[in-house]
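Notes follow once the structure below has been shown.
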Amino acid sequence: MTAQMLIRSILTSAAVTLTGMELRAQLAITEVHSSQSTNGTPALHADWFELTHYGTTPIDLRGWRFNDSNGGLTNGVVTLGALTLSPGESVVFVQDIDAAAFRSWWGPALSPSLQIISYTAASIGLSSTGDGIRLWDAAAASGTSPAVSVDFAATGTNFSSFTSNPKTGLLTARTTVEVPGAFSATDNGDWGSPGIAGPSIPLTITTPPANTTVNPGDPATFTLEVAGLPRPRYQWRFNGTPIPGETGPSLTVSNAQPQFSGLYSVQLDNGLATLTSTDARLQIAAAPSAPRWVQTPLELTVLIGGVATFSATASGVPEPTYQWSLNGKPISGATTGTLTLNSVTTAQSGQYSVSASNASGTISHSVLLNVLGRPDIRITEVSSARTTLDPAFIDRVGFAPEDWWEITSFSPVPISLSGWRFDDNSASLGSALTIADTNLVILPSESIVFVERLTPDQFRTWWGTNNLPTGLKIVTYTGSGIGLSSGGDALRLWNATATANADTIDGVDFPAGDPGISFNFNPDTKEFGKLSVLDLNGVFQAPATLEGVKEWGSPGRIKTGAIITPAQPPSLTITQTEAALKVTLSGDSGRTYRLQRRNETSGSWINEGEPQAATVAGPVTFSILLESNSASFGLFRVEVQ
């Protein structure tokens, strides 16, 4: 909200009219199944959601419209025909399939009287990566806020619906066997409770808006947290007067000025109850004022060739100016709140400082940048035998087993895999396949599965969604020349900048194997190449294969706790006695530490004394004898081995 808008709002002092709002607010979207199931009979399955009426008077929904979070009232909106909801009644809306197909899917547990409305709209698809639903009444015009609005996160699985959290009323809970009224679909075991909504949840303010003080010209934001079902509508007020148009869960006053000082509150109404929050006071600081930090930069650890970005924000009157420095020396041109270093090298490791200054004072903050060498990404599992000893696998599951393999990150920082390449035993960059996904990032200790031809959902069907880690990334690849031979083969992995065939990040060779059994990684010896053994190091039987037929592997399941823990940059404490400087840090068992001092002339790092090994976790101390000259002073660091 601009200053002009707020002033106009205060002067008009328009009263809020709630005519008809109470009835609309008594509606709530109480369940969403946003990932069409691929199990069972796909023709029976589709996105669906449930709408529940918590009021005491029947409501006519003829002419009401709904859409997903992107369409609004102008793009592919669905308009309802004759539909009346009685008090306490729920209705299910299902895309593309009719009521008979929906009942075949969910079976006799559905109430015979449940209204099931089928809709078709090319632009509406409830995304499995997260989406929302918006519902407008028949009289709403373009740009009007919806009568009912919900958002939900990524599904992660394709068998469980989202339902209302019994504590907050938000659509964040997942349907499980413990949810009252939940049941399993007849066709494929999806979990949900279509037509069975939970009770209303009392409207309460769990976190009220808080007092805030800002400098002139700074933004001021008020927020609150609310529990309740149906979800409430909001109306913000300034000194008791409603502010037209401010009907969201937060209020931002931009360019705050003294005339906006006062009391802000919000009125809530969900058709069943009305609440008003306590007042939160906005105060404008007297000008001028010295800088103060709003955001300080964080210590960073990046790989050679990566990007390091430091961000800082200071508030003050007048607006502060910035200057970044490296090891005490100002960086030319680095005079904004953000410092970005591209294609970093080890020479750029060190202490970065940022100062914020105005006529009333200067503040500064320092952090370290650690630049690491090559990423430690390893190939940790390979299944190279396409055949299966289960003769009915294809007829029963609908597809054939394919080659798959796994990589795991032992690096302490996230690494983008965009542009990385891989090949089989030809080990040639010229014939390698390239990872085209620009958003594919592997996190520390994360594993990613690569599977030939099969979709991620097919791989999950094969190995069982419940057996795989939540959020396991599965990448499908196809390409001539890369087929992992069951008679023995190899894999080679290059990053995006490699130019020589020998410049691999990792490579493994494996002999002829047993059909259905993968080559695995031993978390104790850190070696690859042994055949998987059932129930050892996370290995399990693929549930899509008949019992007694060996189909063993551990995709995404390196044994918990066995992954190598990367060395953590230590925090140093330096104290001075009469005769020495003492550098102390908290050491980790099994690590060796070496103290180094920066040569102020050459900029290189010089070893100081002998390295120290930490046999147990605890303090590690280095002593530096004081000399008459300044050679004992300077910038120190500790190298962890």
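Chain labels follow the order of the structure tokens: the first chain is A, the next B, and so on; residue numbering restarts at 1 in every chain, and ligands are counted from 1 in their shown order.
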Which of stretch 347-464 of chain A end up as alpha helix (DSSP H) when DSSP is run on this backbone - answer as number ranges by chain?
A: 393-397, 456-463
Point to revise | Who sits within 6 Å of A:Pro297, only C-alpha atoms, same chain under 4 positions skipped, as number ranges by chain | key: A: 310-312
Keeping only N, CA and C atoms, take the residues you just selected and write them out as a tab-separated table (two decimals), in the first residue's frame.
chain	number	residue	atom	x	y	z
A	310	PHE	N	26.80	-12.60	-1.18
A	310	PHE	CA	26.58	-12.07	0.16
A	310	PHE	C	25.53	-10.96	0.07
A	311	SER	N	24.61	-10.93	1.04
A	311	SER	CA	23.57	-9.91	1.05
A	311	SER	C	23.49	-9.25	2.42
A	312	ALA	N	23.35	-7.94	2.41
A	312	ALA	CA	23.22	-7.18	3.65
A	312	ALA	C	22.22	-6.05	3.43
**OP:** Do a neighbour search on A:Tyr119 at 9 Å with only C-alpha atoms, toss out local chain neighbours closer than 2 positions, and write the hits as a ChimeraX atom specification.
**Re:** /A:78,80,93-98,117,121
Prev. selection, C-alpha atoms, output as an mmCIF file, in the first residue's frame:
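What ended up in again03.cif:
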data_model
loop_
_atom_site.group_PDB
_atom_site.id
_atom_site.type_symbol
_atom_site.label_atom_id
_atom_site.label_comp_id
_atom_site.auth_asym_id
_atom_site.auth_seq_id
_atom_site.Cartn_x
_atom_site.Cartn_y
_atom_site.Cartn_z
ATOM 1 C CA VAL A 78 -15.726 -23.665 -14.405
ATOM 2 C CA LEU A 80 -21.615 -24.518 -11.693
ATOM 3 C CA PHE A 93 -15.878 -32.101 -7.738
ATOM 4 C CA VAL A 94 -13.922 -34.486 -9.987
ATOM 5 C CA GLN A 95 -12.203 -33.675 -13.291
ATOM 6 C CA ASP A 96 -13.007 -35.514 -16.549
ATOM 7 C CA ILE A 97 -14.564 -38.685 -15.090
ATOM 8 C CA ASP A 98 -18.215 -39.162 -14.194
ATOM 9 C CA ILE A 117 -20.013 -33.163 -9.792
ATOM 10 C CA ALA A 121 -11.620 -27.653 -18.262
#
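Ranking A:Phe152, A:Trp64, A:Phe238, A:Phe102 by their shortest atom-to-atom distance to A:Thr186, with only C-alpha atoms included, puts A:Phe102 first.
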| query | What's the 8 Å shell around A:Asn520, counting only C-alpha atoms, without same-chain residues fewer than 2 positions away, as a PyMOL selection string? | reply | chain A and resi 380-382+518+522+528-532+553-554
Any chance you could list, as number ranges by chain, the residues in stretch 176-269 of chain A that come up strand (DSSP E or B) when DSSP is run on the backbone? A: 183-184, 191-192, 201-207, 212-214, 220-223, 225-229, 233-238, 241-242, 250-253, 262-269
Write out the residues from the selection above, keeping N, CA and C atoms, as a compact mmCIF listing (two decimals), in the first residue's frame.
# COMPACT_ATOMS: atom_id res chain seq x y z
N PHE A 183 -10.54 -43.77 4.47
CA PHE A 183 -10.64 -45.15 4.01
C PHE A 183 -9.81 -45.31 2.74
N SER A 184 -9.59 -46.55 2.36
CA SER A 184 -8.78 -46.87 1.20
C SER A 184 -9.67 -47.11 -0.01
N TRP A 191 -5.62 -43.25 -0.41
CA TRP A 191 -6.24 -42.91 0.88
C TRP A 191 -6.94 -41.57 0.79
N GLY A 192 -8.15 -41.50 1.31
CA GLY A 192 -8.91 -40.26 1.33
C GLY A 192 -10.16 -40.42 2.16
N ILE A 201 -13.63 -25.84 13.14
CA ILE A 201 -12.60 -25.56 14.14
C ILE A 201 -12.80 -24.15 14.65
N PRO A 202 -12.87 -23.94 15.96
CA PRO A 202 -13.13 -22.59 16.49
C PRO A 202 -12.14 -21.57 15.96
N LEU A 203 -12.63 -20.41 15.63
CA LEU A 203 -11.80 -19.32 15.12
C LEU A 203 -11.01 -18.71 16.28
N THR A 204 -9.68 -18.74 16.18
CA THR A 204 -8.81 -18.16 17.21
C THR A 204 -7.63 -17.47 16.54
N ILE A 205 -7.09 -16.48 17.23
CA ILE A 205 -5.88 -15.80 16.79
C ILE A 205 -4.73 -16.37 17.61
N THR A 206 -3.87 -17.15 16.96
CA THR A 206 -2.77 -17.80 17.68
C THR A 206 -1.57 -16.86 17.85
N THR A 207 -1.33 -15.98 16.89
CA THR A 207 -0.25 -14.99 16.99
C THR A 207 -0.79 -13.65 16.50
N THR A 212 5.54 -2.36 16.02
CA THR A 212 6.76 -2.22 15.23
C THR A 212 7.15 -0.75 15.13
N THR A 213 8.45 -0.52 15.06
CA THR A 213 9.00 0.82 14.89
C THR A 213 9.91 0.80 13.67
N VAL A 214 9.70 1.74 12.74
CA VAL A 214 10.51 1.82 11.53
C VAL A 214 10.97 3.26 11.32
N ALA A 220 6.58 -1.04 6.69
CA ALA A 220 6.17 -1.66 7.96
C ALA A 220 5.13 -2.72 7.63
N THR A 221 5.33 -3.94 8.11
CA THR A 221 4.43 -5.05 7.80
C THR A 221 3.87 -5.63 9.08
N PHE A 222 2.55 -5.83 9.09
CA PHE A 222 1.87 -6.48 10.20
C PHE A 222 1.34 -7.84 9.71
N THR A 223 1.56 -8.88 10.49
CA THR A 223 1.06 -10.21 10.16
C THR A 223 0.41 -10.82 11.40
N GLU A 225 -1.23 -14.98 12.78
CA GLU A 225 -1.53 -16.37 12.49
C GLU A 225 -2.87 -16.72 13.12
N VAL A 226 -3.68 -17.47 12.34
CA VAL A 226 -5.06 -17.72 12.73
C VAL A 226 -5.36 -19.21 12.58
N ALA A 227 -6.10 -19.76 13.53
CA ALA A 227 -6.63 -21.12 13.42
C ALA A 227 -8.14 -21.03 13.26
N GLY A 228 -8.70 -21.93 12.46
CA GLY A 228 -10.15 -21.94 12.30
C GLY A 228 -10.58 -22.59 11.01
N LEU A 229 -11.74 -23.22 11.02
CA LEU A 229 -12.36 -23.80 9.84
C LEU A 229 -13.87 -23.63 9.98
N ARG A 233 -12.27 -14.48 6.57
CA ARG A 233 -11.97 -13.31 5.75
C ARG A 233 -11.38 -12.24 6.67
N TYR A 234 -10.53 -11.39 6.10
CA TYR A 234 -9.79 -10.40 6.89
C TYR A 234 -10.24 -8.99 6.52
N GLN A 235 -10.24 -8.10 7.50
CA GLN A 235 -10.43 -6.66 7.26
C GLN A 235 -9.53 -5.88 8.21
N TRP A 236 -8.47 -5.26 7.64
CA TRP A 236 -7.55 -4.48 8.47
C TRP A 236 -8.14 -3.10 8.76
N ARG A 237 -7.74 -2.57 9.94
CA ARG A 237 -8.26 -1.28 10.39
C ARG A 237 -7.11 -0.41 10.89
N PHE A 238 -7.29 0.91 10.71
CA PHE A 238 -6.33 1.89 11.22
C PHE A 238 -7.05 2.79 12.20
N THR A 241 -10.74 2.33 12.08
CA THR A 241 -11.44 2.57 10.81
C THR A 241 -11.00 1.55 9.78
N PRO A 242 -11.94 0.83 9.13
CA PRO A 242 -11.54 -0.16 8.11
C PRO A 242 -10.77 0.50 6.97
N SER A 250 -1.98 -10.27 5.80
CA SER A 250 -0.94 -9.34 6.24
C SER A 250 -1.23 -7.96 5.67
N LEU A 251 -0.63 -6.94 6.29
CA LEU A 251 -0.79 -5.54 5.85
C LEU A 251 0.59 -4.91 5.81
N THR A 252 0.95 -4.31 4.66
CA THR A 252 2.22 -3.61 4.52
C THR A 252 1.96 -2.13 4.25
N VAL A 253 2.53 -1.29 5.07
CA VAL A 253 2.51 0.15 4.86
C VAL A 253 3.87 0.52 4.28
N GLY A 262 0.11 4.99 14.53
CA GLY A 262 -1.17 4.73 15.15
C GLY A 262 -1.37 3.26 15.43
N LEU A 263 -2.65 2.88 15.60
CA LEU A 263 -3.00 1.52 16.00
C LEU A 263 -3.60 0.77 14.82
N TYR A 264 -3.06 -0.43 14.57
CA TYR A 264 -3.54 -1.27 13.49
C TYR A 264 -4.09 -2.57 14.08
N SER A 265 -5.22 -3.00 13.56
CA SER A 265 -5.84 -4.25 14.00
C SER A 265 -6.50 -4.90 12.80
N VAL A 266 -6.99 -6.13 12.99
CA VAL A 266 -7.66 -6.83 11.91
C VAL A 266 -8.89 -7.53 12.46
N GLN A 267 -9.99 -7.44 11.69
CA GLN A 267 -11.22 -8.12 12.05
C GLN A 267 -11.34 -9.39 11.22
N LEU A 268 -11.72 -10.49 11.86
CA LEU A 268 -11.84 -11.80 11.21
C LEU A 268 -13.28 -12.25 11.25
N ASP A 269 -13.74 -12.88 10.15
CA ASP A 269 -15.11 -13.41 10.11
C ASP A 269 -15.10 -14.67 9.24
